[in-house]
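J.: Got a structure here, written out as structure tokens. Questions coming.
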Amino acid sequence: MKIVFIRRISQLFFLVLFLGFCVVSTLGTEWWQLRGWPVNWFLELDPLVAIGTLLTTQTLYAGLIWALATVVLTILFGRFFCGWVCPFGTLHQAIGYFWRRTTNFSQRIELNRHRPAQTLKYYVLIFLLSAAAGTTIARLTATVRGQPLIPALIVAACFIMAGLLAVLKVIPKVEKVGATLLALVAAWTGFALFLPVEHLLASSLQSGLLDPIPLLHRSVNLALLPLVDKATQAASLAARHYEQAWLIGTVFLAALFLNLVIPRFYCRFICPLGALLGVLSRYALWRVGKTKADCSMCMRCETDCEGACEPSGQIRSPECVLCMNCLRTCEDDVISYRAARSAAGEHASPDLTRRGFIVSIVSGLVTVPILRLSDALGLNWNPRLIRPPGALAEGDFLNRCIKCGQCMRICPTNIIQPAGPELGVEALWTPTLNFRIGTSGCQTNCVACGNICPTAAIRPITLDEKAGQNAFAARGPIRLGTAFVDQGRCLPWAMGTPCIVCQENCPVSPKAIYIREVFEPVRDLLPPVASADELSLDFGQPLFKPGRYSTGDFYCRAGAGEPRRIVDNTASGITIGSTRPWDAPPKPGQPAEILIRLQRPCVDPALCIGCGICEHECPVTGLRAIRVTAENESRSMKRTITP
């Protein structure tokens with residue numbers, strides 16, 4: 001069996017497996033829904049996820065140990081993940097393959113030639129890892145500053161001397177990128193001796209924006225499967241809706257359609273995971289290459305090369321995705337996959353420039369602190385950014401969230417939504433709660449989002465912890481925020497219209513929404529009473545629509561007596577309830593008025609958990625009259641509004 005055919009079987013298998021995991025990331029009772037399936041396995045295989053979270057948190061989440069297998073196998077066999085496993089790469093390769101079939105020999109060679117811009121993905125990788133490394137560098141710097149002066153000076157002197165030697169090219173066989181990195185470390189260490197530079201740094205995990213595995217998860221979960229759900233309701237009982245689906249879908253389709261310009265465009269020019277695996281593959285024991293330097297130079301190996309790695313000459317090892325097409329097309333039989341370097345020579349390292357390296361690493365380090373100048377994590381935090389139950393404090397959350405959309409897919413009420421740019425650049429496509437969408441608020445008996453999060457940005461919690469019961473009774477329930485009544489839009493407060501929907505739907509006990517009862521006159525002006533008995537009044541002329549005041553919310557007051565509930569009305573008169581007749585029938589000519597009983601909702605912040613059910617059920621369907629914001633959320637003591 002040809003190795004190319006085996007590779008295609010592998011790609012198809014992992015693509016189907018990936019899509020299957022996306023489908024079963026649905027809360028339900030069917031056997032194919034979430035039942036312990038390893039739905040995060042592809043994310044756990046991703047070494048960029050593991051390295052990113054390791055840099056931002058200095059810890060490695062247990063499931064991400066799987067990424068070590070990818071690293072080891074890449075060092076052994078090369079970029080096997082890109083060519084044999086990655087489902088996103090499979091989609092790119094398939095589209096490029098079918099599109100190339102209409103091109104001739106010379107056009108294929110032109111499409112697959114190596115381009116200098118392919119180094120862009122390495123700069124993207126450096127930028128993202130630098131943005132993630134800020135806190136780690138700051139802590140190391142603070143540690144050095146905390147040491148006694150003499151040892152700190154010795155360490156700093158060693159770094160500075162090594163950096164000077166590297167810059168002056170005194171150290172033999174040191175690559176320019178490594179020398180540049182050493183010089184930057186030396187300069188930073190020198191500054192750290194005299195200035196508290198660690199306060200200038202911060203970290204944020206943004207690799208999920210471009211990392212192909214989170215990107216594909218996000219695209220399938222939030223753009224593709226919702227279309228299937230809407231058409232068939234096969235995976236979800238109700239149609240799913242996501243606010244940023246148009247933008248997420250546009251990015252996904254753009255990445256695919258770029259293959260019509262250059263095959264595997266995303267893989268060659270943008271993919272940071274491919275860049276990371278390309279760096280690791282330079283140490284691969286097994287590699288594609290020529291068994292002898294001379295060949296007929298027929299260039300057939302270039303026609304279907306997926307990585308544009310120039311196998312006809314000095315192969316660019318970091319670009320080779322092990323598609324094995326060159327082995328199939330080589331008529332001279334001089335290209336093989338073996339544990340030896342190419343006889344025609346290799347480019348073992350990407351063509352990075354010292355200037356590009358410095359710009360990438362410095363821009364990555366300074367971007368996050370610049371974004372934080374708005375104090376979005378301090379006093380200027382956005383109250384509309386409501387995180388799911390179990391979410392870490394915002395700084396720690398941004399250090400872990402990879403924007404994969406798994407929590408959004410599994411949420412049974414569809415209220416976990418991808419954040420838009422209006423909630424902050426760092427928060428883009430991270431999970432936030434929108435209670436206007438979906439089928440309800442955050443259900444008190446659901447903890448699904450924390451148990452599917454692959455990086456514990458939303459930590460797994462129990463129902464007891466969420467409800468503040470048993471062992472967690474002293475701590476109380478987890479609060480997502482607090483509901484606030486907008487009295488300018490609330491029907492009982494602003495419109496004189498009875499409504500207690502929010503109070504009726506409040507799920508906590510005792511209810512966090514309580515009622516203030518008031519009686520207000522309606523706008524109808526009544527003439528004096530014409531006649532009356534113990535249960536009715538008549539005004540002697542047609543005034544009302546029959547039955548208008550028979551809802552039970554209207555009362556009548558005649559003279560200085562207590563209001564009586566109206567049970568019915570005719571065009572000219574009203575009838576009150578028989579259980580409470582007039583003490584003395586009103587006399588003809590006596591004034592009377594009709595009152596409406598209003599139950600005005602108020603929120604007790606000590607009891608409100610911010611579940612959002614009240615906001616979802618509010619009958620004011622535009623801007624809700626009761627809205628939840630992140631005030632008083634449990635994950636931040638600085639946002640507490642209750643003693």
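To be explicit about the labels: the chains of the structure tokens are called A, B, and onward in the order shown, and within each one the residues are counted from 1, while ligands get numbers from 1 in the order they are shown.
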Contacts of A:Arg639 at 10 Å or less, counting only C-alpha atoms, minus same-chain residues fewer than 5 places along, as a list in words?
T.: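 Near A:Arg639, the qualifying residues are Gly378, Leu379, Trp381, Pro383, Gly481, Ala630, Glu631, Asn632, Glu633 and Ser634 of chain A.
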J.: Using C-alpha atoms, can you write the selected residues to a file as an mmCIF file, in the first residue's frame?
T.:
data_model
loop_
_atom_site.group_PDB
_atom_site.id
_atom_site.type_symbol
_atom_site.label_atom_id
_atom_site.label_comp_id
_atom_site.auth_asym_id
_atom_site.auth_seq_id
_atom_site.Cartn_x
_atom_site.Cartn_y
_atom_site.Cartn_z
ATOM 1 C CA GLY A 378 -8.798 47.377 37.528
ATOM 2 C CA LEU A 379 -11.248 50.181 38.191
ATOM 3 C CA TRP A 381 -13.449 46.869 34.261
ATOM 4 C CA PRO A 383 -19.543 45.262 33.974
ATOM 5 C CA GLY A 481 -23.201 39.122 39.015
ATOM 6 C CA ALA A 630 -20.839 41.572 36.802
ATOM 7 C CA GLU A 631 -21.079 43.557 40.039
ATOM 8 C CA ASN A 632 -20.787 41.374 43.123
ATOM 9 C CA GLU A 633 -19.400 38.379 41.197
ATOM 10 C CA SER A 634 -17.734 35.772 43.388
#
J.: Can you list every residue in stretch 182-294 of chain A that DSSP puts in helix (DSSP H, G or I), as a ChimeraX atom specification?
T.: /A:182-192,197-200,207-209,212-232,245-260,265-269,272-281
J.: Which value, in Å to one decimal, gives the distance between atom CA of A:Thr629 and atom CA of A:Arg384?
T.: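 Going from atom CA of A:Thr629 over to atom CA of A:Arg384 covers 5.4 Å.
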J.: If we count only C-alpha atoms and set the cut-off at 10 Å, which residues sit around stretch 10-23 of chain A, ignoring sequence neighbours fewer than 5 positions away in its own chain? Please answer as a JSON list (two decimals) with N, CA and C atoms, in the first residue's frame.
T.:
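Okay, this is what ended up in result-v6.json:
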[["chain", "number", "residue", "atom", "x", "y", "z"],
["A", 4, "VAL", "N", 1.31, 7.44, 0.46],
["A", 4, "VAL", "CA", 0.40, 8.57, 0.27],
["A", 4, "VAL", "C", -1.04, 8.14, 0.55],
["A", 5, "PHE", "N", -1.40, 6.94, 0.14],
["A", 5, "PHE", "CA", -2.75, 6.44, 0.39],
["A", 5, "PHE", "C", -2.97, 6.24, 1.89],
["A", 32, "TRP", "N", -24.64, 9.17, 21.96],
["A", 32, "TRP", "CA", -23.59, 9.86, 21.20],
["A", 32, "TRP", "C", -23.36, 11.28, 21.70],
["A", 33, "GLN", "N", -24.12, 11.69, 22.70],
["A", 33, "GLN", "CA", -23.87, 12.99, 23.31],
["A", 33, "GLN", "C", -22.86, 12.82, 24.44],
["A", 34, "LEU", "N", -22.58, 13.87, 25.15],
["A", 34, "LEU", "CA", -21.45, 13.87, 26.08],
["A", 34, "LEU", "C", -21.59, 12.76, 27.12],
["A", 37, "TRP", "N", -16.75, 11.07, 26.48],
["A", 37, "TRP", "CA", -15.91, 11.08, 25.29],
["A", 37, "TRP", "C", -14.75, 12.06, 25.49],
["A", 38, "PRO", "N", -13.54, 11.73, 25.00],
["A", 38, "PRO", "CA", -12.38, 12.64, 25.15],
["A", 38, "PRO", "C", -12.45, 13.78, 24.14],
["A", 39, "VAL", "N", -13.45, 14.64, 24.29],
["A", 39, "VAL", "CA", -13.74, 15.64, 23.28],
["A", 39, "VAL", "C", -12.64, 16.70, 23.16],
["A", 40, "ASN", "N", -11.77, 16.82, 24.14],
["A", 40, "ASN", "CA", -10.69, 17.81, 24.10],
["A", 40, "ASN", "C", -9.36, 17.21, 23.64],
["A", 41, "TRP", "N", -9.39, 16.01, 23.12],
["A", 41, "TRP", "CA", -8.14, 15.30, 22.84],
["A", 41, "TRP", "C", -7.27, 16.05, 21.84],
["A", 42, "PHE", "N", -7.86, 16.61, 20.79],
["A", 42, "PHE", "CA", -7.07, 17.33, 19.81],
["A", 42, "PHE", "C", -6.45, 18.59, 20.42],
["A", 81, "PHE", "N", 2.23, 15.78, 12.48],
["A", 81, "PHE", "CA", 0.92, 16.29, 12.92],
["A", 81, "PHE", "C", 0.27, 17.12, 11.82],
["A", 82, "CYS", "N", 1.06, 17.95, 11.13],
["A", 82, "CYS", "CA", 0.52, 18.81, 10.08],
["A", 82, "CYS", "C", 0.02, 18.00, 8.89],
["A", 83, "GLY", "N", 0.76, 16.98, 8.51],
["A", 83, "GLY", "CA", 0.43, 16.24, 7.31],
["A", 83, "GLY", "C", -0.44, 15.02, 7.51],
["A", 84, "TRP", "N", -0.53, 14.52, 8.74],
["A", 84, "TRP", "CA", -1.23, 13.26, 8.97],
["A", 84, "TRP", "C", -2.39, 13.37, 9.97],
["A", 85, "VAL", "N", -2.38, 14.36, 10.84],
["A", 85, "VAL", "CA", -3.35, 14.42, 11.95],
["A", 85, "VAL", "C", -4.22, 15.67, 11.89],
["A", 86, "CYS", "N", -3.63, 16.83, 11.71],
["A", 86, "CYS", "CA", -4.33, 18.11, 11.87],
["A", 86, "CYS", "C", -5.57, 18.17, 10.97],
["A", 87, "PRO", "N", -6.78, 18.26, 11.53],
["A", 87, "PRO", "CA", -8.00, 18.30, 10.70],
["A", 87, "PRO", "C", -8.10, 19.59, 9.89],
["A", 88, "PHE", "N", -7.57, 20.68, 10.41],
["A", 88, "PHE", "CA", -7.60, 21.93, 9.65],
["A", 88, "PHE", "C", -6.68, 21.82, 8.44],
["A", 89, "GLY", "N", -5.51, 21.22, 8.64],
["A", 89, "GLY", "CA", -4.59, 21.00, 7.52],
["A", 89, "GLY", "C", -5.20, 20.09, 6.47],
["A", 90, "THR", "N", -5.98, 19.12, 6.90],
["A", 90, "THR", "CA", -6.64, 18.21, 5.95],
["A", 90, "THR", "C", -7.60, 18.97, 5.05],
["A", 91, "LEU", "N", -8.38, 19.89, 5.64],
["A", 91, "LEU", "CA", -9.30, 20.70, 4.84],
["A", 91, "LEU", "C", -8.55, 21.55, 3.83],
["A", 93, "GLN", "N", -5.57, 20.97, 2.57],
["A", 93, "GLN", "CA", -4.96, 20.13, 1.55],
["A", 93, "GLN", "C", -5.99, 19.63, 0.55],
["A", 94, "ALA", "N", -7.18, 19.30, 1.03],
["A", 94, "ALA", "CA", -8.21, 18.80, 0.12],
["A", 94, "ALA", "C", -8.65, 19.88, -0.86],
["A", 213, "ILE", "N", -6.04, 24.41, 15.86],
["A", 213, "ILE", "CA", -6.96, 23.50, 16.54],
["A", 213, "ILE", "C", -8.04, 24.28, 17.29],
["A", 216, "LEU", "N", -10.31, 25.86, 14.58],
["A", 216, "LEU", "CA", -11.25, 24.95, 13.95],
["A", 216, "LEU", "C", -12.36, 24.56, 14.91],
["A", 217, "HIS", "N", -12.01, 24.31, 16.18],
["A", 217, "HIS", "CA", -13.04, 24.04, 17.19],
["A", 217, "HIS", "C", -14.06, 25.18, 17.23],
["A", 218, "ARG", "N", -13.55, 26.40, 17.30],
["A", 218, "ARG", "CA", -14.42, 27.57, 17.40],
["A", 218, "ARG", "C", -15.30, 27.70, 16.15],
["A", 220, "VAL", "N", -16.23, 25.32, 13.95],
["A", 220, "VAL", "CA", -17.22, 24.24, 13.86],
["A", 220, "VAL", "C", -18.29, 24.41, 14.92],
["A", 221, "ASN", "N", -17.88, 24.72, 16.16],
["A", 221, "ASN", "CA", -18.84, 24.83, 17.27],
["A", 221, "ASN", "C", -19.81, 25.99, 17.10],
["A", 225, "LEU", "N", -21.82, 23.87, 13.04],
["A", 225, "LEU", "CA", -22.83, 23.04, 13.69],
["A", 225, "LEU", "C", -24.13, 23.78, 13.96],
["A", 234, "ALA", "N", -30.64, 17.82, 14.85],
["A", 234, "ALA", "CA", -30.14, 16.48, 15.13],
["A", 234, "ALA", "C", -29.27, 16.46, 16.39],
["A", 235, "ALA", "N", -28.40, 17.47, 16.54],
["A", 235, "ALA", "CA", -27.50, 17.48, 17.70],
["A", 235, "ALA", "C", -28.10, 18.24, 18.87],
["A", 236, "SER", "N", -28.87, 19.28, 18.60],
["A", 236, "SER", "CA", -29.50, 20.07, 19.66],
["A", 236, "SER", "C", -31.00, 20.15, 19.41],
["A", 406, "GLN", "N", -15.58, 25.46, 23.33],
["A", 406, "GLN", "CA", -16.15, 24.23, 23.87],
["A", 406, "GLN", "C", -17.24, 24.51, 24.90],
["A", 409, "ARG", "N", -20.42, 25.55, 23.16],
["A", 409, "ARG", "CA", -21.13, 24.47, 22.50],
["A", 409, "ARG", "C", -21.93, 23.63, 23.50],
["A", 410, "ILE", "N", -21.36, 23.39, 24.67],
["A", 410, "ILE", "CA", -22.00, 22.47, 25.61],
["A", 410, "ILE", "C", -23.08, 23.14, 26.45]]
J.: Quick one: everything within 10 Å of A:Pro563, counting only C-alpha atoms, minus sequence neighbours fewer than 2 positions away in the same chain. Send it as a PyMOL selection string.
T.: chain A and resi 519+554-561+565-566+576+580+582+593-597
J.: Would you save the residues from that selection as an mmCIF file, in the first residue's frame, using C-alpha atoms?
T.:
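And here's result-v1.cif as it stands now:
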data_model
loop_
_atom_site.group_PDB
_atom_site.id
_atom_site.type_symbol
_atom_site.label_atom_id
_atom_site.label_comp_id
_atom_site.auth_asym_id
_atom_site.auth_seq_id
_atom_site.Cartn_x
_atom_site.Cartn_y
_atom_site.Cartn_z
ATOM 1 C CA PHE A 519 -51.796 51.682 44.350
ATOM 2 C CA PHE A 554 -57.760 47.163 39.426
ATOM 3 C CA TYR A 555 -59.419 48.586 42.525
ATOM 4 C CA CYS A 556 -62.018 51.230 43.205
ATOM 5 C CA ARG A 557 -61.968 53.787 45.992
ATOM 6 C CA ALA A 558 -64.967 55.908 46.824
ATOM 7 C CA GLY A 559 -64.545 58.717 49.274
ATOM 8 C CA ALA A 560 -62.031 58.059 52.026
ATOM 9 C CA GLY A 561 -62.641 54.303 52.236
ATOM 10 C CA ARG A 565 -60.965 44.954 44.088
ATOM 11 C CA ILE A 566 -62.931 45.258 40.864
ATOM 12 C CA ILE A 576 -66.447 44.830 43.334
ATOM 13 C CA ARG A 580 -65.402 42.693 50.754
ATOM 14 C CA TRP A 582 -68.625 48.606 50.811
ATOM 15 C CA GLU A 593 -61.473 56.755 41.442
ATOM 16 C CA ILE A 594 -60.071 53.601 39.902
ATOM 17 C CA LEU A 595 -56.660 52.450 41.125
ATOM 18 C CA ILE A 596 -54.250 49.936 39.736
ATOM 19 C CA ARG A 597 -52.284 47.704 42.068
#
J.: With only C-alpha atoms as the counted atoms, please give the residues lying no more than 6 Å from stretch 302-307 of chain A, apart from itself and same-chain residues fewer than 2 positions off, as a list in words.
T.: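 The contact residues come out as Arg108, Ile109, Met299, Arg300, Cys309, Glu319, Cys320 and Val321 of chain A.
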J.: Would you save the residues of that selection, restricted to C-alpha atoms, as an mmCIF file, in the first residue's frame?
T.:
data_model
loop_
_atom_site.group_PDB
_atom_site.id
_atom_site.type_symbol
_atom_site.label_atom_id
_atom_site.label_comp_id
_atom_site.auth_asym_id
_atom_site.auth_seq_id
_atom_site.Cartn_x
_atom_site.Cartn_y
_atom_site.Cartn_z
ATOM 1 C CA ARG A 108 1.745 23.770 -10.221
ATOM 2 C CA ILE A 109 5.456 24.382 -9.839
ATOM 3 C CA MET A 299 10.731 19.013 -11.026
ATOM 4 C CA ARG A 300 7.819 16.617 -10.702
ATOM 5 C CA CYS A 309 9.815 22.942 0.922
ATOM 6 C CA GLU A 319 8.539 23.528 5.903
ATOM 7 C CA CYS A 320 8.091 19.831 5.088
ATOM 8 C CA VAL A 321 4.680 18.587 6.279
#
J.: Name the closest residue to A:Asp332 among the candidates A:Ile452, A:Leu463, A:Ala293, A:Ala393; distances are taken between atoms, counting only C-alpha atoms.
T.: A:Ala293
J.: With only C-alpha atoms as the counted atoms, please give the residues lying no more than 10 Å from stretch 369-377 of chain A, apart from itself and same-chain residues fewer than 6 positions off, as a PyMOL selection string.
T.: chain A and resi 131+134+199-204+393-395+423-426
J.: Find the spatial neighbours of A:Gln58, counting only C-alpha atoms, within a cut-off of 12 Å - ignore same-chain residues fewer than 2 positions away - and output them as a count of residues only.
T.: 22
J.: Could you tell me how far atom CA of A:Gly488 sits from atom CA of A:Gly622, in Å to one decimal place?
T.: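 Interatomic distance, atom CA of A:Gly622 to atom CA of A:Gly488: 13.4 Å.
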J.: Using only C-alpha atoms, pick whichever of A:His92, A:Arg564, A:Arg240, A:Arg355 has the shortest atom-to-atom distance to A:Ile416.
T.: A:Arg240
J.: Name the closest residue to A:His616 among the candidates A:Pro521, A:Gly476, A:Pro460, A:Gly441; distances are taken between atoms, counting only C-alpha atoms.
T.: A:Gly441
J.: Which is closer to A:Thr119 than all the others in A:Thr26, A:Ser207, A:Trp99, A:Gly274, using only C-alpha atoms?
T.: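 Comparing A:Thr26, A:Ser207, A:Trp99, A:Gly274 against A:Thr119, the winner is A:Gly274.
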J.: Assign secondary structure with DSSP using the backbone only, and return the residues of stretch 416-617 of chain A in strand (DSSP E or B) as a PyMOL selection string.
T.: chain A and resi 416-418+431-433+458+482-485+513-521+531-532+536-538+554-558+564-569+573-576+592-603
J.: Write the residues you've just listed into a file as a compact mmCIF listing (two decimals), in the first residue's frame, and include N, CA and C atoms for each of them.
T.:
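File part_7.txt, as written:
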# COMPACT_ATOMS: atom_id res chain seq x y z
N ILE A 416 -23.88 31.10 26.81
CA ILE A 416 -22.45 31.39 26.76
C ILE A 416 -22.11 31.77 25.32
N GLN A 417 -21.65 32.99 25.14
CA GLN A 417 -21.43 33.57 23.83
C GLN A 417 -19.98 34.04 23.67
N PRO A 418 -19.49 34.09 22.43
CA PRO A 418 -18.15 34.65 22.22
C PRO A 418 -18.18 36.16 22.36
N PRO A 431 -15.46 33.36 26.37
CA PRO A 431 -16.87 33.18 26.74
C PRO A 431 -17.40 34.27 27.66
N THR A 432 -18.55 34.78 27.32
CA THR A 432 -19.27 35.71 28.17
C THR A 432 -20.74 35.33 28.14
N LEU A 433 -21.50 35.74 29.15
CA LEU A 433 -22.90 35.36 29.25
C LEU A 433 -23.79 36.46 28.68
N ILE A 458 -12.17 27.98 33.03
CA ILE A 458 -13.38 27.78 33.83
C ILE A 458 -13.14 26.50 34.62
N THR A 482 -25.04 40.59 39.47
CA THR A 482 -26.23 41.05 40.19
C THR A 482 -27.21 41.66 39.19
N ALA A 483 -28.48 41.40 39.40
CA ALA A 483 -29.52 41.99 38.56
C ALA A 483 -29.88 43.38 39.08
N PHE A 484 -30.09 44.30 38.16
CA PHE A 484 -30.49 45.66 38.50
C PHE A 484 -31.77 45.99 37.73
N VAL A 485 -32.72 46.58 38.42
CA VAL A 485 -33.99 46.97 37.79
C VAL A 485 -33.83 48.36 37.19
N ILE A 513 -35.60 38.60 44.29
CA ILE A 513 -36.44 39.71 43.83
C ILE A 513 -37.69 39.75 44.71
N TYR A 514 -37.88 40.86 45.37
CA TYR A 514 -39.06 41.02 46.22
C TYR A 514 -39.93 42.16 45.66
N ILE A 515 -41.12 42.29 46.19
CA ILE A 515 -42.14 43.19 45.62
C ILE A 515 -42.48 44.32 46.59
N ARG A 516 -42.60 45.51 46.02
CA ARG A 516 -43.16 46.65 46.76
C ARG A 516 -44.52 46.98 46.14
N GLU A 517 -45.56 46.84 46.93
CA GLU A 517 -46.92 47.03 46.41
C GLU A 517 -47.36 48.47 46.59
N VAL A 518 -47.86 49.06 45.52
CA VAL A 518 -48.40 50.42 45.56
C VAL A 518 -49.70 50.46 44.77
N PHE A 519 -50.56 51.45 45.09
CA PHE A 519 -51.80 51.68 44.35
C PHE A 519 -51.69 53.06 43.70
N GLU A 520 -51.89 53.10 42.41
CA GLU A 520 -51.81 54.36 41.70
C GLU A 520 -53.09 54.59 40.91
N PRO A 521 -53.58 55.82 40.86
CA PRO A 521 -54.79 56.11 40.07
C PRO A 521 -54.53 55.89 38.57
N SER A 531 -75.27 56.24 41.06
CA SER A 531 -76.01 55.37 41.98
C SER A 531 -75.08 54.28 42.44
N ALA A 532 -75.42 53.63 43.58
CA ALA A 532 -74.54 52.60 44.13
C ALA A 532 -75.32 51.69 45.04
N SER A 536 -71.66 47.50 43.82
CA SER A 536 -71.49 48.12 42.50
C SER A 536 -71.64 49.63 42.57
N LEU A 537 -71.07 50.26 41.55
CA LEU A 537 -71.22 51.70 41.33
C LEU A 537 -71.67 51.90 39.90
N ASP A 538 -72.47 52.94 39.69
CA ASP A 538 -72.86 53.28 38.33
C ASP A 538 -72.69 54.78 38.16
N PHE A 554 -57.16 45.84 39.28
CA PHE A 554 -57.76 47.16 39.43
C PHE A 554 -58.66 47.21 40.66
N TYR A 555 -58.65 48.36 41.30
CA TYR A 555 -59.42 48.59 42.52
C TYR A 555 -60.19 49.90 42.38
N CYS A 556 -61.22 50.00 43.19
CA CYS A 556 -62.02 51.23 43.20
C CYS A 556 -62.04 51.80 44.62
N ARG A 557 -61.88 53.11 44.70
CA ARG A 557 -61.97 53.79 45.99
C ARG A 557 -63.00 54.90 45.87
N ALA A 558 -63.92 54.87 46.79
CA ALA A 558 -64.97 55.91 46.82
C ALA A 558 -64.87 56.65 48.14
N ARG A 564 -61.38 48.70 46.99
CA ARG A 564 -61.99 47.38 46.83
C ARG A 564 -61.63 46.86 45.44
N ARG A 565 -61.35 45.54 45.37
CA ARG A 565 -60.96 44.95 44.09
C ARG A 565 -62.15 44.92 43.14
N ILE A 566 -61.91 45.30 41.91
CA ILE A 566 -62.93 45.26 40.86
C ILE A 566 -62.91 43.87 40.23
N VAL A 567 -64.07 43.25 40.13
CA VAL A 567 -64.16 41.93 39.52
C VAL A 567 -64.79 41.99 38.14
N ASP A 568 -65.51 43.08 37.82
CA ASP A 568 -66.11 43.19 36.49
C ASP A 568 -66.52 44.65 36.28
N ASN A 569 -66.74 44.98 35.03
CA ASN A 569 -67.25 46.31 34.74
C ASN A 569 -68.09 46.29 33.48
N GLY A 573 -70.55 51.17 34.62
CA GLY A 573 -70.39 50.90 36.03
C GLY A 573 -69.39 49.81 36.31
N ILE A 574 -69.10 49.60 37.59
CA ILE A 574 -68.13 48.60 38.03
C ILE A 574 -68.75 47.75 39.12
N THR A 575 -68.20 46.53 39.28
CA THR A 575 -68.65 45.62 40.33
C THR A 575 -67.43 45.20 41.14
N ILE A 576 -67.56 45.23 42.47
CA ILE A 576 -66.45 44.83 43.33
C ILE A 576 -66.70 43.44 43.88
N ALA A 592 -65.24 59.22 43.09
CA ALA A 592 -64.66 57.87 43.10
C ALA A 592 -63.48 57.84 42.13
N GLU A 593 -62.61 56.91 42.35
CA GLU A 593 -61.47 56.76 41.44
C GLU A 593 -61.12 55.28 41.30
N ILE A 594 -60.54 54.96 40.17
CA ILE A 594 -60.07 53.60 39.90
C ILE A 594 -58.56 53.57 40.08
N LEU A 595 -58.09 52.61 40.84
CA LEU A 595 -56.66 52.45 41.13
C LEU A 595 -56.14 51.16 40.50
N ILE A 596 -54.90 51.16 40.20
CA ILE A 596 -54.25 49.94 39.74
C ILE A 596 -53.22 49.52 40.77
N ARG A 597 -53.26 48.22 41.10
CA ARG A 597 -52.28 47.70 42.07
C ARG A 597 -51.03 47.29 41.31
N LEU A 598 -49.90 47.88 41.65
CA LEU A 598 -48.62 47.60 41.00
C LEU A 598 -47.69 46.91 41.98
N GLN A 599 -47.07 45.83 41.53
CA GLN A 599 -46.07 45.11 42.32
C GLN A 599 -44.70 45.40 41.70
N ARG A 600 -44.02 46.35 42.29
CA ARG A 600 -42.76 46.84 41.72
C ARG A 600 -41.59 45.98 42.21
N PRO A 601 -40.84 45.37 41.28
CA PRO A 601 -39.75 44.48 41.69
C PRO A 601 -38.54 45.25 42.21
N CYS A 602 -37.93 44.70 43.21
CA CYS A 602 -36.67 45.21 43.77
C CYS A 602 -35.74 44.02 43.98
N VAL A 603 -34.44 44.25 43.90
CA VAL A 603 -33.45 43.17 43.98
C VAL A 603 -32.69 43.28 45.29
J.: Measuring atom to atom with only C-alpha atoms, identify which of A:Pro619, A:Pro272, A:Pro47, A:Gly96 is nearest to A:Leu256.
T.: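 With only C-alpha atoms as the atom set, the closest residue is A:Gly96.
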